[in-house]
>>> print(open('data_38.pdb').read())   # PDB, C-alpha atoms
MODEL        1
ATOM      1  CA  MET A   1      94.092 -42.357  80.306
ATOM      2  CA  GLN A   2      92.197 -42.098  77.051
ATOM      3  CA  THR A   3      93.528 -39.497  74.641
ATOM      4  CA  GLN A   4      91.056 -37.282  72.843
ATOM      5  CA  SER A   5      91.234 -36.344  69.169
ATOM      6  CA  ILE A   6      91.318 -32.643  68.263
ATOM      7  CA  THR A   7      87.679 -32.817  67.106
ATOM      8  CA  GLN A   8      86.641 -34.403  70.404
ATOM      9  CA  LYS A   9      88.500 -31.721  72.347
ATOM     10  CA  LEU A  10      86.801 -29.012  70.296
ATOM     11  CA  ALA A  11      83.386 -30.590  70.844
ATOM     12  CA  ASN A  12      83.150 -28.499  73.977
ATOM     13  CA  PRO A  13      81.975 -24.990  72.910
ATOM     14  CA  THR A  14      83.641 -23.351  75.929
ATOM     15  CA  ARG A  15      86.978 -24.914  74.985
ATOM     16  CA  PHE A  16      86.420 -23.916  71.345
ATOM     17  CA  MET A  17      85.712 -20.304  72.387
ATOM     18  CA  ALA A  18      88.936 -20.160  74.415
ATOM     19  CA  LEU A  19      91.078 -21.703  71.671
ATOM     20  CA  SER A  20      89.513 -19.736  68.811
ATOM     21  CA  GLY A  21      89.876 -16.497  70.793
ATOM     22  CA  THR A  22      93.632 -17.078  70.815
ATOM     23  CA  LEU A  23      93.882 -18.331  67.216
ATOM     24  CA  LEU A  24      91.656 -15.776  65.488
ATOM     25  CA  PRO A  25      94.007 -12.735  65.605
ATOM     26  CA  TRP A  26      96.849 -14.918  64.276
ATOM     27  CA  LEU A  27      94.756 -16.286  61.417
ATOM     28  CA  ALA A  28      93.615 -12.776  60.482
ATOM     29  CA  GLY A  29      97.156 -11.389  60.733
ATOM     30  CA  ILE A  30      98.676 -14.132  58.570
ATOM     31  CA  ALA A  31      95.843 -13.646  56.056
ATOM     32  CA  VAL A  32      96.521  -9.908  55.733
ATOM     33  CA  VAL A  33     100.297 -10.396  55.322
ATOM     34  CA  LEU A  34      99.881 -13.114  52.663
ATOM     35  CA  ILE A  35      97.177 -11.227  50.746
ATOM     36  CA  VAL A  36      99.182  -7.990  50.685
ATOM     37  CA  TYR A  37     102.339  -9.837  49.622
ATOM     38  CA  GLY A  38     100.550 -11.958  46.999
ATOM     39  CA  LEU A  39      98.705  -9.012  45.460
ATOM     40  CA  TYR A  40     101.840  -6.825  45.541
ATOM     41  CA  ARG A  41     103.749  -9.502  43.614
ATOM     42  CA  GLY A  42     100.805 -10.004  41.286
ATOM     43  CA  TRP A  43     100.537  -6.307  40.476
ATOM     44  CA  THR A  44     104.293  -5.926  39.928
ATOM     45  CA  ALA A  45     104.543  -9.052  37.720
ATOM     46  CA  PRO A  46     104.806  -8.440  33.972
ATOM     47  CA  PRO A  47     101.484  -8.430  32.070
ATOM     48  CA  ASP A  48     100.394 -11.603  30.304
ATOM     49  CA  TYR A  49     101.522 -11.934  26.679
ATOM     50  CA  GLN A  50      97.946 -12.718  25.567
ATOM     51  CA  GLN A  51      95.658 -11.150  28.174
ATOM     52  CA  GLY A  52      97.741  -8.093  28.991
ATOM     53  CA  GLU A  53      96.842  -6.262  32.213
ATOM     54  CA  THR A  54      93.524  -8.116  32.660
ATOM     55  CA  ILE A  55      95.555 -10.990  34.125
ATOM     56  CA  ARG A  56      95.509  -8.961  37.395
ATOM     57  CA  ILE A  57      91.893 -10.091  37.844
ATOM     58  CA  MET A  58      93.164 -13.685  38.116
ATOM     59  CA  TYR A  59      94.670 -12.993  41.579
ATOM     60  CA  ILE A  60      91.201 -12.461  43.050
ATOM     61  CA  HIS A  61      89.013 -14.473  40.658
ATOM     62  CA  VAL A  62      90.798 -17.822  41.008
ATOM     63  CA  PRO A  63      91.017 -17.774  44.850
ATOM     64  CA  SER A  64      87.327 -16.774  44.969
ATOM     65  CA  ALA A  65      86.358 -19.738  42.797
ATOM     66  CA  TRP A  66      88.495 -22.160  44.814
ATOM     67  CA  LEU A  67      87.119 -20.859  48.120
ATOM     68  CA  GLY A  68      83.531 -20.898  46.863
ATOM     69  CA  MET A  69      83.972 -24.624  46.235
ATOM     70  CA  MET A  70      85.981 -25.224  49.403
ATOM     71  CA  GLY A  71      83.271 -23.516  51.455
ATOM     72  CA  TYR A  72      80.687 -25.928  50.124
ATOM     73  CA  ALA A  73      82.969 -28.905  50.781
ATOM     74  CA  LEU A  74      83.357 -27.650  54.364
ATOM     75  CA  ILE A  75      79.567 -27.409  54.747
ATOM     76  CA  ALA A  76      79.152 -30.945  53.359
ATOM     77  CA  LEU A  77      81.829 -32.286  55.719
ATOM     78  CA  SER A  78      80.257 -30.492  58.691
ATOM     79  CA  SER A  79      76.816 -31.807  57.677
ATOM     80  CA  PHE A  80      78.223 -35.325  57.586
ATOM     81  CA  GLY A  81      79.708 -34.713  61.053
ATOM     82  CA  LEU A  82      76.300 -33.580  62.296
ATOM     83  CA  LEU A  83      74.215 -36.397  60.810
ATOM     84  CA  VAL A  84      76.635 -39.271  61.447
ATOM     85  CA  PHE A  85      78.709 -38.287  64.496
ATOM     86  CA  ARG A  86      76.350 -35.686  66.030
ATOM     87  CA  HIS A  87      79.332 -33.462  66.725
ATOM     88  CA  PRO A  88      78.063 -30.487  68.775
ATOM     89  CA  LEU A  89      79.938 -27.924  66.688
ATOM     90  CA  ALA A  90      79.300 -29.459  63.266
ATOM     91  CA  ASP A  91      76.059 -27.554  62.709
ATOM     92  CA  VAL A  92      77.645 -24.355  64.004
ATOM     93  CA  SER A  93      80.420 -24.832  61.427
ATOM     94  CA  ALA A  94      77.993 -25.535  58.563
ATOM     95  CA  LYS A  95      75.839 -22.527  59.425
ATOM     96  CA  ALA A  96      78.829 -20.169  59.726
ATOM     97  CA  ALA A  97      80.392 -21.321  56.430
ATOM     98  CA  ALA A  98      77.301 -20.716  54.265
ATOM     99  CA  PRO A  99      77.345 -16.891  53.936
ATOM    100  CA  ILE A 100      81.145 -16.831  53.558
ATOM    101  CA  GLY A 101      81.109 -19.489  50.824
ATOM    102  CA  ALA A 102      78.216 -17.699  49.124
ATOM    103  CA  ALA A 103      80.169 -14.407  49.158
ATOM    104  CA  PHE A 104      83.247 -15.999  47.554
ATOM    105  CA  THR A 105      81.108 -17.776  44.933
ATOM    106  CA  LEU A 106      79.356 -14.509  44.099
ATOM    107  CA  LEU A 107      82.764 -12.822  43.797
ATOM    108  CA  ALA A 108      83.978 -15.598  41.474
ATOM    109  CA  LEU A 109      80.918 -14.994  39.266
ATOM    110  CA  ILE A 110      81.278 -11.186  39.241
ATOM    111  CA  THR A 111      85.049 -11.037  38.731
ATOM    112  CA  GLY A 112      84.823 -13.820  36.137
ATOM    113  CA  SER A 113      82.179 -11.868  34.285
ATOM    114  CA  LEU A 114      84.309  -8.698  34.378
ATOM    115  CA  TRP A 115      87.289 -10.710  33.122
ATOM    116  CA  GLY A 116      85.193 -12.420  30.457
ATOM    117  CA  LYS A 117      83.927  -9.249  28.777
ATOM    118  CA  PRO A 118      87.327  -7.977  27.539
ATOM    119  CA  MET A 119      88.676 -11.506  26.865
ATOM    120  CA  TRP A 120      85.667 -13.381  25.442
ATOM    121  CA  GLY A 121      83.616 -10.404  24.303
ATOM    122  CA  THR A 122      80.721 -11.234  26.634
ATOM    123  CA  TYR A 123      79.900 -10.973  30.331
ATOM    124  CA  TRP A 124      78.074 -14.284  30.426
ATOM    125  CA  VAL A 125      77.475 -17.486  28.476
ATOM    126  CA  TRP A 126      75.264 -20.357  29.582
ATOM    127  CA  ASP A 127      78.023 -22.926  29.342
ATOM    128  CA  ALA A 128      78.699 -25.801  31.743
ATOM    129  CA  ARG A 129      81.316 -24.091  33.949
ATOM    130  CA  LEU A 130      79.598 -20.749  34.425
ATOM    131  CA  THR A 131      76.164 -22.303  34.845
ATOM    132  CA  SER A 132      77.376 -24.893  37.368
ATOM    133  CA  VAL A 133      79.047 -22.176  39.487
ATOM    134  CA  LEU A 134      75.801 -20.171  39.328
ATOM    135  CA  LEU A 135      73.990 -23.310  40.561
ATOM    136  CA  LEU A 136      76.512 -23.546  43.418
ATOM    137  CA  PHE A 137      75.616 -19.965  44.389
ATOM    138  CA  PHE A 138      71.891 -20.838  44.303
ATOM    139  CA  LEU A 139      72.608 -23.906  46.443
ATOM    140  CA  TYR A 140      74.224 -21.647  49.051
ATOM    141  CA  LEU A 141      71.158 -19.387  48.962
ATOM    142  CA  GLY A 142      68.951 -22.476  49.278
ATOM    143  CA  LEU A 143      70.822 -23.658  52.366
ATOM    144  CA  ILE A 144      70.590 -20.222  54.011
ATOM    145  CA  SER A 145      66.891 -19.842  53.124
ATOM    146  CA  LEU A 146      65.960 -23.350  54.291
ATOM    147  CA  ARG A 147      67.633 -22.800  57.649
ATOM    148  CA  THR A 148      66.026 -19.413  58.261
ATOM    149  CA  SER A 149      62.585 -20.634  57.189
ATOM    150  CA  ILE A 150      62.379 -23.327  59.926
ATOM    151  CA  GLU A 151      62.029 -22.057  63.479
ATOM    152  CA  GLU A 152      62.855 -25.321  65.257
ATOM    153  CA  GLU A 153      66.649 -25.306  65.292
ATOM    154  CA  THR A 154      67.318 -29.070  65.458
ATOM    155  CA  LEU A 155      64.977 -29.781  62.545
ATOM    156  CA  ALA A 156      66.430 -26.873  60.543
ATOM    157  CA  SER A 157      69.988 -28.105  61.041
ATOM    158  CA  LYS A 158      69.142 -31.675  59.999
ATOM    159  CA  LEU A 159      67.188 -30.685  56.887
ATOM    160  CA  THR A 160      69.909 -28.224  55.869
ATOM    161  CA  ALA A 161      72.538 -30.933  56.357
ATOM    162  CA  VAL A 162      70.628 -33.348  54.118
ATOM    163  CA  LEU A 163      70.286 -30.695  51.386
ATOM    164  CA  ALA A 164      74.000 -29.867  51.703
ATOM    165  CA  LEU A 165      74.976 -33.523  51.239
ATOM    166  CA  VAL A 166      72.655 -33.943  48.244
ATOM    167  CA  GLY A 167      74.028 -30.753  46.685
ATOM    168  CA  VAL A 168      77.660 -31.796  47.027
ATOM    169  CA  VAL A 169      77.358 -33.482  43.613
ATOM    170  CA  ILE A 170      77.801 -29.983  42.118
ATOM    171  CA  LEU A 171      81.506 -29.921  43.098
ATOM    172  CA  PRO A 172      82.814 -32.695  40.790
ATOM    173  CA  PHE A 173      80.417 -31.404  38.119
ATOM    174  CA  ILE A 174      82.107 -27.961  38.224
ATOM    175  CA  LYS A 175      85.525 -29.590  37.847
ATOM    176  CA  ILE A 176      84.510 -32.033  35.099
ATOM    177  CA  SER A 177      82.552 -29.392  33.170
ATOM    178  CA  VAL A 178      85.719 -27.917  31.671
ATOM    179  CA  GLU A 179      88.248 -30.711  31.822
ATOM    180  CA  GLY A 180      86.190 -33.883  31.476
ATOM    181  CA  LEU A 181      87.212 -36.984  33.376
ATOM    182  CA  SER A 182      89.285 -39.933  32.283
ATOM    183  CA  ILE A 183      89.873 -42.979  34.496
ATOM    184  CA  PRO A 184      91.194 -45.627  32.090
ATOM    185  CA  TRP A 185      91.351 -48.486  34.616
ATOM    186  CA  LEU A 186      87.658 -47.963  35.331
ATOM    187  CA  GLY A 187      86.832 -47.516  31.657
ATOM    188  CA  LEU A 188      85.366 -44.124  32.555
ATOM    189  CA  GLU A 189      85.612 -41.408  29.923
ATOM    190  CA  ILE A 190      83.582 -38.208  30.378
ATOM    191  CA  PRO A 191      84.374 -35.672  27.659
ATOM    192  CA  ALA A 192      84.707 -31.971  28.526
ATOM    193  CA  TRP A 193      81.703 -29.835  27.680
ATOM    194  CA  ASN A 194      81.953 -27.138  25.043
ATOM    195  CA  THR A 195      82.883 -24.043  27.038
ATOM    196  CA  LEU A 196      84.630 -20.705  26.785
ATOM    197  CA  HIS A 197      86.244 -21.212  30.181
ATOM    198  CA  GLN A 198      89.852 -22.325  30.091
ATOM    199  CA  PRO A 199      90.879 -25.540  31.880
ATOM    200  CA  SER A 200      92.849 -25.417  35.120
ATOM    201  CA  SER A 201      96.339 -23.941  34.705
ATOM    202  CA  VAL A 202      97.621 -24.783  38.181
ATOM    203  CA  PHE A 203      96.461 -28.180  39.455
ATOM    204  CA  ARG A 204      97.244 -30.471  36.530
ATOM    205  CA  THR A 205      98.724 -33.941  36.330
ATOM    206  CA  ASP A 206     101.395 -32.619  33.937
ATOM    207  CA  GLY A 207     102.291 -29.654  36.194
ATOM    208  CA  PRO A 208     101.215 -25.985  36.173
ATOM    209  CA  LYS A 209     100.811 -24.343  32.748
ATOM    210  CA  ILE A 210     101.368 -20.859  34.067
ATOM    211  CA  HIS A 211     104.578 -18.837  34.247
ATOM    212  CA  SER A 212     106.213 -18.686  37.680
ATOM    213  CA  SER A 213     105.959 -14.850  37.696
ATOM    214  CA  GLN A 214     102.165 -15.326  37.803
ATOM    215  CA  LEU A 215     101.974 -18.697  39.572
ATOM    216  CA  TYR A 216     103.669 -17.694  42.839
ATOM    217  CA  PRO A 217     101.697 -14.475  43.365
ATOM    218  CA  LEU A 218      98.531 -16.488  42.665
ATOM    219  CA  LEU A 219      99.488 -19.152  45.218
ATOM    220  CA  TYR A 220     100.373 -16.544  47.890
ATOM    221  CA  SER A 221      97.146 -14.708  47.211
ATOM    222  CA  ALA A 222      95.100 -17.936  47.305
ATOM    223  CA  LEU A 223      96.765 -19.007  50.554
ATOM    224  CA  GLY A 224      96.094 -15.572  52.061
ATOM    225  CA  PHE A 225      92.415 -15.631  51.109
ATOM    226  CA  THR A 226      92.184 -19.203  52.468
ATOM    227  CA  PHE A 227      93.462 -17.943  55.830
ATOM    228  CA  LEU A 228      90.936 -15.110  55.584
ATOM    229  CA  PHE A 229      88.166 -17.618  54.885
ATOM    230  CA  PHE A 230      89.058 -19.619  57.996
ATOM    231  CA  ALA A 231      89.376 -16.465  60.100
ATOM    232  CA  LEU A 232      85.895 -15.339  58.984
ATOM    233  CA  HIS A 233      84.563 -18.851  59.514
ATOM    234  CA  MET A 234      85.982 -18.969  63.036
ATOM    235  CA  LYS A 235      84.461 -15.573  63.792
ATOM    236  CA  GLY A 236      81.115 -16.758  62.406
ATOM    237  CA  MET A 237      81.266 -19.874  64.595
ATOM    238  CA  ARG A 238      82.042 -17.796  67.684
ATOM    239  CA  ASN A 239      79.074 -15.531  66.889
ATOM    240  CA  GLU A 240      76.800 -18.535  66.470
ATOM    241  CA  ILE A 241      77.887 -20.051  69.806
ATOM    242  CA  LEU A 242      77.175 -16.714  71.517
ATOM    243  CA  ARG A 243      73.783 -16.507  69.754
ATOM    244  CA  ARG A 244      72.866 -19.998  71.013
ATOM    245  CA  ARG A 245      73.940 -19.084  74.555
ATOM    246  CA  VAL A 246      71.735 -15.976  74.446
ATOM    247  CA  LYS A 247      68.824 -18.068  73.162
ATOM    248  CA  ALA A 248      69.367 -20.770  75.821
ATOM    249  CA  LEU A 249      69.443 -18.137  78.592
ATOM    250  CA  ARG A 250      66.232 -16.518  77.343
ATOM    251  CA  ILE A 251      64.454 -19.878  77.119
ATOM    252  CA  ALA A 252      65.665 -20.865  80.607
ATOM    253  CA  GLU A 253      64.435 -17.554  82.026
ATOM    254  CA  VAL A 254      61.015 -17.894  80.376
ATOM    255  CA  ASP A 255      60.707 -21.511  81.611
ATOM    256  CA  ARG A 256      61.635 -20.429  85.127
ATOM    257  CA  ALA A 257      59.111 -17.579  85.111
ATOM    258  CA  ARG A 258      56.372 -19.959  83.908
ATOM    259  CA  ALA A 259      57.270 -22.502  86.604
ATOM    260  CA  LYS A 260      57.042 -19.779  89.279
ATOM    261  CA  GLU A 261      53.646 -18.679  87.932
ATOM    262  CA  ALA A 262      52.429 -22.289  87.988
ATOM    263  CA  VAL A 263      53.586 -22.738  91.619
ATOM    264  CA  ALA A 264      51.946 -19.445  92.634
ATOM    265  CA  ALA A 265      48.673 -20.431  90.927
ATOM    266  CA  ALA A 266      48.686 -23.828  92.658
ATOM    267  CA  GLU A 267      49.120 -22.190  96.048
TER     268      GLU A 267
ATOM    269  CA  MET B   1     100.558   2.351  36.422
ATOM    270  CA  ASP B   2      98.934   2.081  33.015
ATOM    271  CA  LEU B   3      96.274  -0.645  33.060
ATOM    272  CA  GLY B   4      95.608  -0.378  29.334
ATOM    273  CA  PRO B   5      92.259  -0.305  27.531
ATOM    274  CA  HIS B   6      90.573  -2.669  30.022
ATOM    275  CA  ALA B   7      91.384  -0.664  33.160
ATOM    276  CA  THR B   8      87.694  -0.206  34.007
ATOM    277  CA  PHE B   9      87.149  -3.985  34.233
ATOM    278  CA  ILE B  10      90.221  -4.502  36.422
ATOM    279  CA  ILE B  11      89.389  -1.635  38.790
ATOM    280  CA  ALA B  12      85.714  -2.642  38.981
ATOM    281  CA  SER B  13      86.712  -6.229  39.840
ATOM    282  CA  TYR B  14      88.937  -5.144  42.716
ATOM    283  CA  ALA B  15      86.450  -2.530  43.940
ATOM    284  CA  ILE B  16      83.547  -5.012  44.104
ATOM    285  CA  PHE B  17      85.797  -7.673  45.616
ATOM    286  CA  THR B  18      86.951  -5.297  48.373
ATOM    287  CA  LEU B  19      83.426  -4.023  49.005
ATOM    288  CA  VAL B  20      81.913  -7.512  49.388
ATOM    289  CA  LEU B  21      84.671  -8.839  51.667
ATOM    290  CA  ALA B  22      84.752  -5.644  53.755
ATOM    291  CA  SER B  23      80.949  -5.789  54.167
ATOM    292  CA  LEU B  24      81.104  -9.459  55.186
ATOM    293  CA  THR B  25      83.851  -8.754  57.736
ATOM    294  CA  ALA B  26      82.009  -5.714  59.118
ATOM    295  CA  TRP B  27      78.778  -7.715  59.442
ATOM    296  CA  LEU B  28      80.576 -10.522  61.326
ATOM    297  CA  MET B  29      82.261  -8.014  63.665
ATOM    298  CA  TYR B  30      78.949  -6.211  64.309
ATOM    299  CA  ASP B  31      77.084  -9.476  64.873
ATOM    300  CA  GLY B  32      79.764 -10.706  67.297
ATOM    301  CA  ALA B  33      79.678  -7.456  69.294
ATOM    302  CA  ARG B  34      75.862  -7.548  69.373
ATOM    303  CA  GLN B  35      75.666 -11.156  70.631
ATOM    304  CA  LYS B  36      78.316 -10.444  73.261
ATOM    305  CA  ARG B  37      76.396  -7.365  74.437
ATOM    306  CA  LEU B  38      73.117  -9.335  74.622
ATOM    307  CA  LEU B  39      74.782 -12.150  76.573
ATOM    308  CA  GLU B  40      76.440  -9.769  79.022
ATOM    309  CA  GLY B  41      73.128  -7.909  79.445
ATOM    310  CA  LEU B  42      71.279 -11.127  80.299
ATOM    311  CA  GLN B  43      74.008 -12.249  82.696
ATOM    312  CA  ALA B  44      73.978  -8.848  84.383
ATOM    313  CA  LYS B  45      70.232  -9.270  84.980
ATOM    314  CA  GLY B  46      70.990 -12.571  86.713
ATOM    315  CA  ALA B  47      69.804 -14.833  83.911
ATOM    316  CA  ARG B  48      71.240 -18.347  84.105
ATOM    317  CA  ARG B  49      70.627 -21.706  82.504
ATOM    318  CA  ARG B  50      70.470 -23.764  85.700
ATOM    319  CA  PRO B  51      68.204 -22.925  88.645
ATOM    320  CA  ARG B  52      69.679 -21.600  91.877
ATOM    321  CA  SER B  53      69.676 -24.040  94.782
ATOM    322  CA  GLY B  54      66.203 -24.205  96.295
ATOM    323  CA  GLU B  55      64.496 -23.427  92.984
ATOM    324  CA  THR B  56      62.650 -26.188  91.130
ATOM    325  CA  GLU B  57      63.609 -26.669  87.505
ATOM    326  CA  SER B  58      60.831 -26.523  84.944
ATOM    327  CA  THR B  59      59.976 -29.859  83.388
ATOM    328  CA  GLN B  60      58.779 -28.276  80.160
TER     329      GLN B  60
ENDMDL
END
>>> encode(input="data_38.pdb", output="structure tokens")
Amino acid sequence: MQTQSITQKLANPTRFMALSGTLLPWLAGIAVVLIVYGLYRGWTAPPDYQQGETIRIMYIHVPSAWLGMMGYALIALSSFGLLVFRHPLADVSAKAAAPIGAAFTLLALITGSLWGKPMWGTYWVWDARLTSVLLLFFLYLGLISLRTSIEEETLASKLTAVLALVGVVILPFIKISVEGLSIPWLGLEIPAWNTLHQPSSVFRTDGPKIHSSQLYPLLYSALGFTFLFFALHMKGMRNEILRRRVKALRIAEVDRARAKEAVAAAE
Amino acid sequence: MDLGPHATFIIASYAIFTLVLASLTAWLMYDGARQKRLLEGLQAKGARRRPRSGETESTQ
């Protein structure tokens, strides 16, 4: 008997609906517990020696930025699954992820701006990091607009998938914009752009550059918001499957009514 | 808790963050309930994707 991979098993929307119906409350529950715990620890941690109390913004800004990028990576992966493997749920996943990723990217921009004013003295600068994240937000809006502007669903999903895959180049650009890129064995050396934004303090080759009293709350908070992202994404996918069932039923009913009319006219 | 001279920025960040995520969650919950209601309404009217036995399926 041939064994099926998890993606093959989930290719059946009915099976996905049953499984996600069980998983969703757990995902949401774990998200709430982790977020509450992470933020509680973040708000009871001592203030930063340089940034003072404004460091509290980090516990929502950094997860938002990570999830804004992760959301786009998920859309790109789903788009690849649609175009290459024609997975039945790939387009549902890509469509559901777009507004959630856009919301987190917008939150990264807003909270970053509100953090930047007291720390940098300005809400906004047109530097590489901030501008590239703004472009990511516009890409999300582009994907949503393109899909809604085309009535034929199969065409809309394919064109949106192509745009999503073209736009994925923004993700390494966001990362490189602050830190540059050095791959000595390839002879590749991309210098960091001039920017006000600090480089990553957590995911570094030489280990985190952030005190554990701030690092752990940040990681709990980020993990909690990641669970929330997937809970919202699962809910969005369930909604989309229901929407497609409603549409299929309406089309089938209209087709049937037309067929009856045609038979009656022929008689 | 004293949030210092930049309290407004911290509170505004959390307020906007909560508002956006709460709105997104509420919209997803509303949309889910609406689609479920529409589907149940159609099924209650006898709508189905495949024809009943004896009915010819449209070729369109």
>>> resolve_selection(input="data_38.pdb", expression="the ChimeraX specification (/A :<8) & /B", output="ChimeraX atom specification")
/B:3-4,6-7,9-10,12-14,16-17,20-21,24-25,28-29,31-32,35-36,38-39,42,47-51,56-58,60
>>> write_last_selection(input="data_38.pdb", atoms="C-alpha atoms", output="PDB file, keeping the file's coordinate frame")
ATOM      1  CA  LEU B   3      96.274  -0.645  33.060  1.00  0.00           C
ATOM      2  CA  GLY B   4      95.608  -0.378  29.334  1.00  0.00           C
ATOM      3  CA  HIS B   6      90.573  -2.669  30.022  1.00  0.00           C
ATOM      4  CA  ALA B   7      91.384  -0.664  33.160  1.00  0.00           C
ATOM      5  CA  PHE B   9      87.149  -3.985  34.233  1.00  0.00           C
ATOM      6  CA  ILE B  10      90.221  -4.502  36.422  1.00  0.00           C
ATOM      7  CA  ALA B  12      85.714  -2.642  38.981  1.00  0.00           C
ATOM      8  CA  SER B  13      86.712  -6.229  39.840  1.00  0.00           C
ATOM      9  CA  TYR B  14      88.937  -5.144  42.716  1.00  0.00           C
ATOM     10  CA  ILE B  16      83.547  -5.012  44.104  1.00  0.00           C
ATOM     11  CA  PHE B  17      85.797  -7.673  45.616  1.00  0.00           C
ATOM     12  CA  VAL B  20      81.913  -7.512  49.388  1.00  0.00           C
ATOM     13  CA  LEU B  21      84.671  -8.839  51.667  1.00  0.00           C
ATOM     14  CA  LEU B  24      81.104  -9.459  55.186  1.00  0.00           C
ATOM     15  CA  THR B  25      83.851  -8.754  57.736  1.00  0.00           C
ATOM     16  CA  LEU B  28      80.576 -10.522  61.326  1.00  0.00           C
ATOM     17  CA  MET B  29      82.261  -8.014  63.665  1.00  0.00           C
ATOM     18  CA  ASP B  31      77.084  -9.476  64.873  1.00  0.00           C
ATOM     19  CA  GLY B  32      79.764 -10.706  67.297  1.00  0.00           C
ATOM     20  CA  GLN B  35      75.666 -11.156  70.631  1.00  0.00           C
ATOM     21  CA  LYS B  36      78.316 -10.444  73.261  1.00  0.00           C
ATOM     22  CA  LEU B  38      73.117  -9.335  74.622  1.00  0.00           C
ATOM     23  CA  LEU B  39      74.782 -12.150  76.573  1.00  0.00           C
ATOM     24  CA  LEU B  42      71.279 -11.127  80.299  1.00  0.00           C
ATOM     25  CA  ALA B  47      69.804 -14.833  83.911  1.00  0.00           C
ATOM     26  CA  ARG B  48      71.240 -18.347  84.105  1.00  0.00           C
ATOM     27  CA  ARG B  49      70.627 -21.706  82.504  1.00  0.00           C
ATOM     28  CA  ARG B  50      70.470 -23.764  85.700  1.00  0.00           C
ATOM     29  CA  PRO B  51      68.204 -22.925  88.645  1.00  0.00           C
ATOM     30  CA  THR B  56      62.650 -26.188  91.130  1.00  0.00           C
ATOM     31  CA  GLU B  57      63.609 -26.669  87.505  1.00  0.00           C
ATOM     32  CA  SER B  58      60.831 -26.523  84.944  1.00  0.00           C
ATOM     33  CA  GLN B  60      58.779 -28.276  80.160  1.00  0.00           C
TER      34      GLN B  60
END
>>> resolve_selection(input="data_38.pdb", expression="the PyMOL selection byres ((chain A and resi 218) around 9)", output="list in words")
Gly38, Leu39, Arg41, Gly42, Met58, Tyr59, Ile60, Val62, Pro63, Gln214, Leu215, Tyr216, Pro217, Leu219, Tyr220, Ser221, Ala222 and Leu223 of chain A
>>> residues_around(input="data_38.pdb", residues="stretch 10-12 of chain A", least_positions_apart="5", cutoff="12 Å", atoms="all atoms listed in the file", output="MDAnalysis selection string")
chainID A and resid 4:5 17:20 81:82 85:93 241
>>> atom_distance(input="data_38.pdb", atom1="atom CA of A:Ser212", atom2="atom CA of A:Leu67")
21.9 Å
>>> closest_residue(input="data_38.pdb", among="A:Leu83, A:Leu196, A:Val168, A:Leu186", to="A:Thr131", atoms="only C-alpha atoms")
A:Leu196
>>> atom_distance(input="data_38.pdb", atom1="atom CA of A:Leu77", atom2="atom CA of A:Ser157")
13.6 Å
>>> closest_residue(input="data_38.pdb", among="A:Val166, A:Ile210, A:Leu155, A:Val133", to="A:Val178", atoms="all atoms listed in the file")
A:Val133
>>> resolve_selection(input="data_38.pdb", expression="the PyMOL selection byres ((chain A and resi 167) around 12)", output="ChimeraX atom specification")
/A:69,72-73,75-76,79,132,135-143,160-166,168-173
